[in-house]
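Structure first, then comments.
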Amino acid sequence: MNQKKFPLNSLDIAEEKRRQLKQLFPEAFTEARDSQTGELKHAVDWDKLKASLGEVLEKEGERFGLTWPGKSGLLKIIQQPSVGTLKPCREESVNFDETENLFIEGDNLEVLKLLQKSYFGKVKMIYIDPPYNTGNEFVYPDNFTESLETYLQYTGMVDAQGRKFSTNAATEGRFHSKWLNMMYPRLFLARNLLREDGVIFASIDDNESSNLKKVCDEIFGEENFMCSFVWEKRYAPPPDTKDVGYQHETLLFYRRSEAFSSNLLPFTDEQTSRYSNPDDDPRGPWKAADYTCRYTADERPTLYYPILNPNTGLEVWPKKTRVWSSSAEITQKNITEDRLWWGVDGTNSTPALKNFLSEIQQGRIPGSILYNKEAGHTDEAAKELRKLLPEIKFTPKPTRLLKHLMSISTGCDHIVLDFFSGSCSTAHAVLDLNNKDGGNRKFVMVQLPEPCDEKTEAFKAGYKTIVDIGKERIRRVVQKISEEQDGQLDFQADSGNKQDLGFRVFKLSESNFQTWEGDASDPEKLKEQLEMHINHIDPKATPEDILYELLLKAGFPLTTQVEAIDVAGKSACSIAEGALIICLDDSLTKDAIQAIAALKPVQCICLDAAFHENDQLKTNAVQTMDAAEVQFRTV
């Protein structure tokens with residue numbers, strides 16, 4: 001019987017990279033016995049790999065790079081798959097069944113692991129505004145090897161056993177190390193989610209900007225560094241300035257690969273105002289450009305020649321110290337095409353070249369300085385948030401800054417991810433930009449449910465955690481845009497380009513399935529595991545909880561359309577127009593199995609308990625699915 005169990009863990013990143021490496025260098029792999037399981041596995045022969053690459057690295061000696069206490073253990077943390085899940089929360093969502101936007105509540109390290117299969121290589125833009133490590137406390141798992149368990153204890157979902165989330169005061173000996181240990185695995189996992197033409201923007205201040213750049217150089221590659229934007233976040237230095245008044249922040253910009261190229265930005269009113277059309281040229285507005293260059297007649301003798309002024313009939317020569325910028329042939333072409341301008345009265349001593357607005361590059365290249373007149377500032381951001389949520393008094397990033405970054409890097413149908421989403425300025429910006437340009441960008445927000453200070457107005461108003469603020473902000477933005485669109489006579493709600501005004505809420509939690517943790521050295525624990533494995537589904541799990549866990553771990557996005565179907569009297573779900581069939585009915589029949597196979601899905605997942613230990617029925621199911629070329633798994 002060739003029936004296989006459905007894997008309940010997230011993507012095994014190490015195994016996936018070994019698989020990719022083996023495709024490129026099959027000669028560099030050999031069989032080796034696993035020291036723990038005793039199984040034969042394909043392992044990398046590092047000497048053969050070096051030989052295949054035509055180089056041998058020195059084993060000893062100094063090397064350039066950034067290192068810190070704890071870095072060596074981070075790859076193990078990254079490679080440890082998550083066995084958690086993301087549970088849907090309809091009551092906190094808006095338009096759950098129609099929307100493709102996501103808000104995920106949970107520790108972003110675990111969430112990024114869970115998104116590896118379903119969002120691998122699909123995100124166009126990532127923006128993050130992580131804790132700045134200013135000497136104040138930040139909240140992230142203290143025990144990185146048990147991130148999910150620590151998170152569940154932190155949020156009160158399981159009993160606490162002394163573990164806590166970390167703080168990072170400036171007085172700690174490993175002040176920078178703890179921050180880097182928090183950032184490195186998250187950035188590593190985030191890179192996997194980017195498309196080949198994807199990008200990441202990371203806001204940071206001077207406390208960690210140099211360290212963050214070195215980490216990003218290592219993860220994304222120095223060759224993929226685009227620039228360090230300087231964002232002018234204030235009009236003037238803060239009033240408590242002692243030495244240097246900081247008016248800016250740094251924003252690191254990296255691409256995933258050379259496949260990315262920046263979008264051109266629209267011309268500003270100031271730039272277009274430089275063009276006019278004093279001679280009513282049918283080609284439209286133009287700007288006069290100098291027709292001479294810096295070379296002398298001795299250096300460029302072919303550029304020293306006379307030009308006839310058609311208005312005066314006189315030959316005009318350039319200065320011998322600054323000759324014409326074009327050859328005689330090109331100049332004759334410009335004369336024929338009426339591209340030389342001799343002034344309003346036609347008697348200027350030298351001509352100018354007419355550069356037409358319609359003929360130049362239709363847009364401007366993004367600049368490395370983000371002035372607040374275009375990208376917003378902190379005071380604007382605070383007012384923007386208070387306008388929606390008057391009781392919230394802290395300063396997020398302005399949506400103008402985020403819309404500027406999206407204009408540089410995204411098209412109208414791309415996914416934008418923010419895994420330090422805070423009050424959800426990024427989601428606000430996505431909705432606003434879509435409303436402005438008719439786009440269909442989707443957002444994925446991830447935020448830890450960090451408690452609000454009980455003394456704040458936000459807490460008194462009912463916002464117990466930061467995620468409460470973020471979700472309510474999105475709801476109010478959705479409401480505001482809906483009301484604006486309802487007030488527009490030309491807005492048609494049933495048009496083909498109807499804006500996505502909603503979001504699905506998911507919450508990080510334990511798996512709905514009991515994972516095997518048997519220990520042969522402990523008979524009591526082994527017995528307990530055996531008993532739990534007989535009925536390994538959490539009795540509190542709803543069918544929808546189970547459905548979305550299977551969906552996520554089968555590699556389908558959380559926004560994939562799900563259709564309820566009937567298969568020979570049994571309830572099932574058709575995913576992505578029949579690519580996957582999930583049947584969670586607790587009792588399967590031969591007719592139901594044949595009905596599923598007849599639908600010809602790529603994959604089919606059923607409950608193992610639905611066979612009720614009927615081995616003959618299960619064997620028939622495997623054979624029926626194999627004959628229909630359906631990948632059949634049970635869970």
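By order of appearance in the structure tokens: chains A, B, ..., then residues from 1 within every chain, and ligands from 1 in the order shown.
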
His404 (chain A): which residues within 9 Å, counting only C-alpha atoms, same-chain residues fewer than 3 positions away excluded, as a list of chain:residue names?
-> A:Leu265, A:Leu370, A:Glu374, A:Ala375, A:Thr399, A:Arg400, A:Leu401, A:Ser407, A:Ile408, A:Ser409

Include N, CA and C atoms and write out the residues we just selected as a PDB file, in the first residue's frame.
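New file result00.pdb:
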```pdb
ATOM      1  N   LEU A 265       9.048  57.399 -11.322  1.00  0.00           N
ATOM      2  CA  LEU A 265       8.052  58.165 -10.581  1.00  0.00           C
ATOM      3  C   LEU A 265       7.495  59.280 -11.452  1.00  0.00           C
ATOM      4  N   LEU A 370      14.677  61.115   0.620  1.00  0.00           N
ATOM      5  CA  LEU A 370      13.221  61.143   0.662  1.00  0.00           C
ATOM      6  C   LEU A 370      12.793  62.379   1.457  1.00  0.00           C
ATOM      7  N   GLU A 374       7.521  65.126  -0.049  1.00  0.00           N
ATOM      8  CA  GLU A 374       7.007  64.064  -0.916  1.00  0.00           C
ATOM      9  C   GLU A 374       6.701  62.782  -0.149  1.00  0.00           C
ATOM     10  N   ALA A 375       7.502  62.481   0.887  1.00  0.00           N
ATOM     11  CA  ALA A 375       7.371  61.205   1.605  1.00  0.00           C
ATOM     12  C   ALA A 375       6.773  61.353   2.996  1.00  0.00           C
ATOM     13  N   THR A 399       1.796  57.228   5.749  1.00  0.00           N
ATOM     14  CA  THR A 399       1.427  56.422   4.586  1.00  0.00           C
ATOM     15  C   THR A 399       2.046  56.971   3.307  1.00  0.00           C
ATOM     16  N   ARG A 400       2.339  58.272   3.270  1.00  0.00           N
ATOM     17  CA  ARG A 400       2.972  58.832   2.064  1.00  0.00           C
ATOM     18  C   ARG A 400       4.343  58.206   1.830  1.00  0.00           C
ATOM     19  N   LEU A 401       5.091  57.937   2.903  1.00  0.00           N
ATOM     20  CA  LEU A 401       6.386  57.278   2.762  1.00  0.00           C
ATOM     21  C   LEU A 401       6.207  55.891   2.162  1.00  0.00           C
ATOM     22  N   SER A 407       5.320  52.801  -4.973  1.00  0.00           N
ATOM     23  CA  SER A 407       5.368  53.345  -6.331  1.00  0.00           C
ATOM     24  C   SER A 407       6.684  53.000  -7.016  1.00  0.00           C
ATOM     25  N   ILE A 408       7.750  52.927  -6.231  1.00  0.00           N
ATOM     26  CA  ILE A 408       9.059  52.565  -6.770  1.00  0.00           C
ATOM     27  C   ILE A 408       9.121  51.100  -7.155  1.00  0.00           C
ATOM     28  N   SER A 409       8.480  50.238  -6.374  1.00  0.00           N
ATOM     29  CA  SER A 409       8.794  48.810  -6.446  1.00  0.00           C
ATOM     30  C   SER A 409       7.661  47.876  -6.842  1.00  0.00           C
TER      31      SER A 409
END
```

Skipping near chain neighbours, those fewer than 5 positions away, what residues fall within 8 Å of Val94 (chain A) using only C-alpha atoms, listed as an NGL selection string?
-> :A and (99 or 475 or 501-504)

Selected residue, from A:Leu74, A:Cys216, A:Ile104, A:Leu607, that lies nearest to Leu417 (chain A) when counting only C-alpha atoms |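 Closest candidate: A:Ile104.
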
I need the residues of region 519-626 of chain A that end up classed as strand (DSSP E or B) by DSSP on the backbone, written out as a PDB file with C-alpha atoms, in the first residue's frame.
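File states-v9.pdb, as written:
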```
ATOM      1  CA  ILE A 537      -7.067  15.689  16.340  1.00  0.00           C
ATOM      2  CA  VAL A 562     -12.535  27.309  -1.141  1.00  0.00           C
ATOM      3  CA  GLU A 563     -15.727  25.754  -2.533  1.00  0.00           C
ATOM      4  CA  ALA A 564     -17.861  23.345  -0.517  1.00  0.00           C
ATOM      5  CA  ILE A 565     -18.817  20.298  -2.607  1.00  0.00           C
ATOM      6  CA  ASP A 566     -20.667  17.018  -2.150  1.00  0.00           C
ATOM      7  CA  VAL A 567     -18.948  13.727  -3.074  1.00  0.00           C
ATOM      8  CA  LYS A 570     -19.930  13.237   1.899  1.00  0.00           C
ATOM      9  CA  SER A 571     -18.865  16.851   2.524  1.00  0.00           C
ATOM     10  CA  ALA A 572     -15.606  18.005   0.966  1.00  0.00           C
ATOM     11  CA  CYS A 573     -13.851  21.184  -0.147  1.00  0.00           C
ATOM     12  CA  SER A 574     -12.540  21.976  -3.611  1.00  0.00           C
ATOM     13  CA  ILE A 575      -9.459  24.182  -3.465  1.00  0.00           C
ATOM     14  CA  LEU A 580      -6.831  20.030  -4.211  1.00  0.00           C
ATOM     15  CA  ILE A 581      -9.739  18.143  -2.633  1.00  0.00           C
ATOM     16  CA  ILE A 582      -9.892  18.052   1.165  1.00  0.00           C
ATOM     17  CA  CYS A 583     -12.445  15.708   2.721  1.00  0.00           C
ATOM     18  CA  GLN A 603      -3.947  16.212  -4.566  1.00  0.00           C
ATOM     19  CA  CYS A 604      -6.458  14.722  -2.151  1.00  0.00           C
ATOM     20  CA  ILE A 605      -6.267  14.820   1.656  1.00  0.00           C
ATOM     21  CA  CYS A 606      -8.559  12.814   3.940  1.00  0.00           C
TER      22      CYS A 606
END
```

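Minimum distance to Phe229 (chain A) across A:Ala288, A:Cys293, A:Ile369, A:Leu187 (counting only C-alpha atoms) occurs at A:Ile369.
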
Contact residues around Pro310 (chain A) with only C-alpha atoms at 10 Å, ignoring same-chain residues under 5 positions, as a count of residues only | 5

Between A:Pro238, A:Pro185, A:Pro318, A:Gly245, single out the one closest to Gly73 (chain A), counting only C-alpha atoms.
-> A:Pro185

Enumerate, as JSON, numbers by chain, the complete set of residues in region 384-558 of chain A that a backbone-based DSSP assignment places in helix (DSSP H, G or I).
-> {"A": [384, 385, 386, 387, 388, 399, 400, 401, 402, 403, 404, 405, 406, 407, 408, 409, 425, 426, 427, 428, 429, 430, 431, 432, 433, 434, 435, 436, 437, 457, 458, 459, 460, 466, 467, 468, 469, 470, 471, 472, 473, 474, 475, 476, 477, 478, 479, 480, 481, 482, 483, 484, 485, 486, 523, 524, 525, 526, 527, 528, 529, 530, 531, 532, 533, 534, 543, 544, 545, 546, 547, 548, 549, 550, 551, 552, 553]}
